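Enquirer: My questions all concern the structure below.
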Amino acid sequence: MDENQKNHLKAYGIAYWCIKQQVEVDWLLNYRGGSFLVKQVKAIEDECKIRGVSYEVLPDGKVNAILNEISDPAVNMEMVKLEKAPKIAVYSPKSKLPWDDAVTLVLTYAEIPYDVIYDDDILKDKLVSYDWLHLHHEDFTGQYGRFWSSYRNATWYQEDVKYQEAAAKRNGFKKVSQMKLAVAKRIKEFCVGGGFLFAMCSGTDSFDIALAAEGVDILESMFDGDGMDANAQAKIDYGKSVAFTNFKLDMNPYNYEFSDIDVTQTRNSFNESNDYFTLFDFSAKWDLVPTMLTQNHEKVIKGFMGQTTAFRKSLVKPSITVLGENKAGAEVRYLHGEIGKGQFSFYGGHDPEDYQHQVNDPPTDLNLHPTSPGYRLILNNVLFPAAKKKPQKT
């Protein structure tokens with residue numbers, strides 16, 4: 001999985017396919033970019049050829065030498081067995097909206113199967129059937145993505161409002177914000193119970209804001225028919241959020257922003273030519289989880305924007321592990337945390353290969369980016385639940 005691999009993204013699909021076929025996969029952490037080792041089987045070779053995935057056939061002696069190298073205590077490598085293919089769900093509206101989602105794009109490209117579920121499904125407790133959940137570009141606060149200022153007259157916006165209001169009524173809620181909070185709480189419970197949660201863009205901070213604002217009206221009248229609680233900020237309970245603390249709500253409904261967690265509006269010194277973030281190096285033998293989540297053939301990753309581009313470092317809870325950051329901007333781009341028996345990862349930005357994705361832009365063609373290091377981080381999270389876990393030692 002180093003620079004010699006012609007299609008890193010589809011290689012993850014091969015690994016997932018092997019696990020589904022009950023073929024054990026060894027993930028060689030930090031060995032040539034985080035490589036996959038499987039027994040030589042003609043069907044697997046054929047599948048690699050069909051999907052355009054590079055592979056090497058190694059004699060037993062070479063394999064033993066690699067495993068001995070990895071097991072050396074002085075070497076920052078480790079081997080993890082991938083044993084159970086996680087059942088994957090993507091939280092996404094069934095209706096068509098004028099933007100795509102990086103996770104569904106890469107899952108489809110890598111040929112990793114997933115189900116689409118939404119509010120009705122989660123409120124009917126269908127999450128218990130899944131191991132891994134991704135949160136689509138979403139607004140869990142019930143403010144319809146803060147698109148009101150620019151798109152309130154657009155047909156797609158008006159139809160989405162009607163769709164969400166109908167769903168709220170159907171599920172017994174007076175307001176969309178109340179339904180979204182109930183959904184966010186079910187998702188949190190899923191994670192606490194041992195589920196794996198992954199979110200990007202506004203699915204990250206809006207989720208935490210909704211949880212922290214439970215019982216507080218943080219919406220102006222254009223979103224829910226009545227005014228915001230004048231003391232809303234003082235009533236925020238940061239103990240209910242999972243990743244962020246001490247954030248300040250953006251009270252202006254005309255702003256395309258929820259709070260000061262996101263740095264998009266204040267990062268004027270960065271543009272496509274100088275926007276990068278760096279992945280941290282972790283001890284593979286001691287910090288297994290963050291090592292898995294940061295496997296890549298590159299350590300410096302091109303930045304990309306979104307409604308939530310990156311997280312203000314000062315507002316990230318101390319218990320959170322920062323996986324990738326733009327140090328110059330005090331921005332956290334990629335983080336991981338534990339909650340109960342489960343774990344979650346938040347990844348800032350909308351599309352790793354489209355610097356400034358706009359509403360109505362066409363979806364990224366991943367055939368043009370088969371070795372994308374930014375997309376690899378997503379797929380690390382997809383395979384992560386398949387790993388036979390060892391206790392984290394730090």
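A note on labels: chains of the structure tokens are A, B, ... as shown, every chain counts residues from 1, and ligands are counted from 1 in their shown order.
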Enumerate, as a VMD selection string, the complete set of residues in stretch 28-207 of chain A that a backbone-based DSSP assignment places in helix (DSSP H, G or I).
Expert: chain A and resid 42 to 51 60 to 71 102 to 110 119 to 123 126 to 129 144 to 146 148 to 151 155 to 170 176 to 192 202 to 207
Enquirer: Give me the residues within 8 Å of A:Tyr12 as a list in words, counting only C-alpha atoms and dropping any in the same chain fewer than 2 places off.
Expert: His8, Leu9, Lys10, Ile14, Ala15, Tyr16, Ala110, Leu379 and Leu383 of chain A
Enquirer: Output C-alpha atoms for every residue in that selection, as a PDB file, in the first residue's frame.
Expert:
```
ATOM      1  CA  HIS A   8      -5.239   2.162  -2.871  1.00  0.00           C
ATOM      2  CA  LEU A   9      -8.982   2.729  -2.553  1.00  0.00           C
ATOM      3  CA  LYS A  10     -10.095  -0.449  -4.293  1.00  0.00           C
ATOM      4  CA  ILE A  14     -10.434  -6.313  -1.778  1.00  0.00           C
ATOM      5  CA  ALA A  15      -9.592  -6.612   1.922  1.00  0.00           C
ATOM      6  CA  TYR A  16     -13.271  -6.268   2.842  1.00  0.00           C
ATOM      7  CA  ALA A 110     -14.203   0.476  -3.403  1.00  0.00           C
ATOM      8  CA  LEU A 379     -11.446   3.686   4.462  1.00  0.00           C
ATOM      9  CA  LEU A 383     -11.914  -1.521   8.126  1.00  0.00           C
TER      10      LEU A 383
END
```
Enquirer: Counting only C-alpha atoms, figure out which residue out of A:Tyr109, A:Phe198, A:Tyr157, A:Tyr91 gets nearest to A:Leu366.
Expert: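 That would be A:Tyr109, the residue with the smallest distance to A:Leu366.
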Enquirer: Name all residues at most 12 Å from A:Asp101 (count only C-alpha atoms; drop same-chain ones fewer than 3 positions away) and give them as a PyMOL selection string.
Expert: chain A and resi 90-93+96-98+104-108+134-138+199-203+306+349-354+357+359+361-364+375+378
Enquirer: Those same residues, written as a compact mmCIF listing (two decimals), in the first residue's frame with N, CA and C atoms?
Expert:
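The resulting file, again_37.txt, is shown below:
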```
# COMPACT_ATOMS: atom_id res chain seq x y z
N VAL A 90 -25.12 4.05 6.27
CA VAL A 90 -24.88 5.47 6.02
C VAL A 90 -26.16 6.22 6.34
N TYR A 91 -26.06 7.16 7.27
CA TYR A 91 -27.20 8.00 7.63
C TYR A 91 -27.32 9.09 6.58
N SER A 92 -28.34 8.98 5.75
CA SER A 92 -28.48 9.90 4.63
C SER A 92 -29.95 9.98 4.22
N PRO A 93 -30.43 11.16 3.83
CA PRO A 93 -31.83 11.27 3.41
C PRO A 93 -32.09 10.45 2.15
N LYS A 96 -33.33 13.33 -2.80
CA LYS A 96 -32.13 13.81 -3.51
C LYS A 96 -31.83 15.25 -3.11
N LEU A 97 -30.61 15.51 -2.67
CA LEU A 97 -30.17 16.86 -2.35
C LEU A 97 -29.00 17.24 -3.26
N PRO A 98 -28.77 18.53 -3.49
CA PRO A 98 -27.78 18.97 -4.49
C PRO A 98 -26.33 18.94 -4.01
N THR A 104 -20.08 7.82 0.84
CA THR A 104 -20.82 6.96 -0.08
C THR A 104 -20.10 6.84 -1.41
N LEU A 105 -19.43 7.92 -1.84
CA LEU A 105 -18.66 7.85 -3.08
C LEU A 105 -17.56 6.80 -2.99
N VAL A 106 -16.80 6.82 -1.88
CA VAL A 106 -15.65 5.91 -1.78
C VAL A 106 -16.09 4.49 -1.46
N LEU A 107 -17.16 4.32 -0.71
CA LEU A 107 -17.67 2.97 -0.47
C LEU A 107 -18.12 2.33 -1.79
N THR A 108 -18.80 3.12 -2.60
CA THR A 108 -19.26 2.61 -3.91
C THR A 108 -18.07 2.30 -4.80
N HIS A 134 -22.03 5.93 9.36
CA HIS A 134 -21.49 7.21 8.89
C HIS A 134 -22.59 8.25 8.88
N LEU A 135 -22.29 9.45 9.34
CA LEU A 135 -23.23 10.55 9.31
C LEU A 135 -22.99 11.40 8.07
N HIS A 136 -23.94 11.38 7.18
CA HIS A 136 -23.93 12.17 5.96
C HIS A 136 -23.84 13.66 6.32
N HIS A 137 -23.45 14.48 5.35
CA HIS A 137 -23.51 15.94 5.51
C HIS A 137 -24.89 16.28 6.07
N GLU A 138 -24.96 16.64 7.33
CA GLU A 138 -26.25 16.70 8.01
C GLU A 138 -26.26 17.83 9.03
N ALA A 199 -18.02 10.52 11.09
CA ALA A 199 -18.75 11.67 10.56
C ALA A 199 -17.78 12.64 9.90
N MET A 200 -18.30 13.35 8.90
CA MET A 200 -17.53 14.38 8.21
C MET A 200 -18.36 15.67 8.15
N CYS A 201 -17.67 16.75 7.85
CA CYS A 201 -18.28 18.05 7.57
C CYS A 201 -19.26 18.42 8.69
N SER A 202 -20.47 18.88 8.36
CA SER A 202 -21.39 19.37 9.37
C SER A 202 -22.02 18.25 10.19
N GLY A 203 -21.82 17.00 9.78
CA GLY A 203 -22.29 15.88 10.59
C GLY A 203 -21.53 15.76 11.89
N GLY A 306 -15.31 22.63 3.67
CA GLY A 306 -16.68 22.16 3.82
C GLY A 306 -17.44 23.16 4.66
N GLY A 349 -14.19 18.80 6.72
CA GLY A 349 -14.22 19.01 5.28
C GLY A 349 -15.24 18.12 4.59
N HIS A 350 -15.51 18.43 3.32
CA HIS A 350 -16.57 17.75 2.58
C HIS A 350 -16.07 16.67 1.63
N ASP A 351 -15.04 16.99 0.84
CA ASP A 351 -14.57 16.04 -0.18
C ASP A 351 -13.06 16.16 -0.30
N PRO A 352 -12.30 15.10 0.03
CA PRO A 352 -10.84 15.18 0.02
C PRO A 352 -10.22 15.50 -1.34
N GLU A 353 -10.96 15.36 -2.44
CA GLU A 353 -10.39 15.66 -3.75
C GLU A 353 -11.12 16.80 -4.46
N ASP A 354 -11.89 17.58 -3.72
CA ASP A 354 -12.56 18.77 -4.28
C ASP A 354 -12.41 19.86 -3.24
N HIS A 357 -16.00 22.33 -2.46
CA HIS A 357 -17.19 21.75 -3.08
C HIS A 357 -18.40 22.66 -2.85
N VAL A 359 -22.63 23.70 -3.60
CA VAL A 359 -23.95 23.13 -3.88
C VAL A 359 -24.15 23.03 -5.39
N ASP A 361 -22.47 21.18 -7.41
CA ASP A 361 -21.28 20.70 -8.12
C ASP A 361 -21.44 19.21 -8.41
N PRO A 362 -20.87 18.73 -9.52
CA PRO A 362 -20.95 17.29 -9.82
C PRO A 362 -20.12 16.49 -8.82
N PRO A 363 -20.47 15.23 -8.59
CA PRO A 363 -19.69 14.40 -7.66
C PRO A 363 -18.30 14.13 -8.20
N THR A 364 -17.36 13.93 -7.30
CA THR A 364 -15.99 13.61 -7.67
C THR A 364 -15.93 12.23 -8.33
N TYR A 375 -8.87 10.22 0.94
CA TYR A 375 -9.93 9.21 0.96
C TYR A 375 -9.50 7.95 1.71
N ILE A 378 -10.74 7.77 5.26
CA ILE A 378 -12.11 7.30 5.42
C ILE A 378 -12.14 5.78 5.48
```
Enquirer: In stretch 150-303 of chain A, what's strand (DSSP E or B) per DSSP? Answer as a list in words?
Expert: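 So the strand (DSSP E or B) residues in stretch 150-303 of chain A would be Phe196, Leu197, Phe198, Ala199, Met200, Phe244, Leu249, Ser259, Asp262, Tyr276, Phe277, Thr278, Leu279, Val300, Ile301 and Lys302 of chain A.
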Enquirer: Report as a ChimeraX atom specification all protein, DNA and RNA residues lying within 9 Å of A:Lys84, evaluated on only C-alpha atoms, omitting residues in the same chain fewer than 5 positions from it.
Expert: /A:16,19-20,22,24,385-388
Enquirer: Do you know which residues are at most 12 Å from A:Glu3 counting only C-alpha atoms, after dropping those on the same chain fewer than 3 positions away, and could you put them as a PyMOL selection string?
Expert: chain A and resi 6-8+32-35+54+296-298+370-373
Enquirer: Based on the selection just made, write C-alpha atoms of those residues as a PDB file, in the first residue's frame.
Expert:
```
ATOM      1  CA  LYS A   6      -2.051   1.592  -8.393  1.00  0.00           C
ATOM      2  CA  ASN A   7      -5.399   1.678  -6.625  1.00  0.00           C
ATOM      3  CA  HIS A   8      -5.239   2.162  -2.871  1.00  0.00           C
ATOM      4  CA  ARG A  32       4.916  -0.130   3.175  1.00  0.00           C
ATOM      5  CA  GLY A  33       2.055   2.242   3.873  1.00  0.00           C
ATOM      6  CA  GLY A  34      -0.067  -0.182   5.826  1.00  0.00           C
ATOM      7  CA  SER A  35      -0.229  -3.263   3.605  1.00  0.00           C
ATOM      8  CA  SER A  54      -1.663  -4.087  -7.413  1.00  0.00           C
ATOM      9  CA  ASN A 296      -1.346   6.028   4.678  1.00  0.00           C
ATOM     10  CA  HIS A 297       1.307   6.291   2.003  1.00  0.00           C
ATOM     11  CA  GLU A 298       1.582  10.024   2.757  1.00  0.00           C
ATOM     12  CA  PRO A 370      -7.491   6.000  -7.091  1.00  0.00           C
ATOM     13  CA  THR A 371      -4.530   6.712  -4.803  1.00  0.00           C
ATOM     14  CA  SER A 372      -6.118   9.564  -2.808  1.00  0.00           C
ATOM     15  CA  PRO A 373      -4.521   9.747   0.672  1.00  0.00           C
TER      16      PRO A 373
END
```
Enquirer: So the first atom is atom CA of A:Leu29 and the second is atom CA of A:Glu78; what is the distance between them in Å, to one decimal place?
Expert: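 A separation of 5.2 Å between them.
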Enquirer: With only C-alpha atoms as the atoms that count, which of A:Ser283, A:Asn274, A:Thr291, A:Asn367 lies nearest to A:Gly329?
Expert: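 Among the listed residues, A:Asn274 lies closest to A:Gly329.
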Enquirer: Using only C-alpha atoms for the distances, tell me which of A:Ser206, A:Asn4, A:Asn380, A:Gln358 is nearest to A:Phe258.
Expert: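 Ranked by minimum distance to A:Phe258, first place goes to A:Ser206.
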Enquirer: May I ask which of the residues A:Ile112, A:Tyr254, A:Leu377, A:Val63 is the closest one to A:Lys39, counting only C-alpha atoms?
Expert: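 Ranked by minimum distance to A:Lys39, first place goes to A:Val63.
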Enquirer: Would you pick out the contacts of stretch 115-126 of chain A at 12 Å or less, using only C-alpha atoms, so that residues sharing its chain but fewer than 3 positions from it are not included, and give the list as number ranges by chain?
Expert: A: 86-95, 103-104, 107-108, 112, 129-136, 138, 140, 163-173, 176-190
Enquirer: Compare A:Lys162, A:Arg146, A:Arg51, A:His336 by their minimum atom-to-atom distance to A:Asp250, counting only C-alpha atoms, and give me the closest one.
Expert: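 Distance minimum relative to A:Asp250 lands on A:Arg146.
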Enquirer: Quick one: pull the distance between atom CA of A:Tyr55 and atom CA of A:Gln5, Å, one decimal.
Expert: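 Atom CA of A:Gln5 lies 7.6 Å from atom CA of A:Tyr55.
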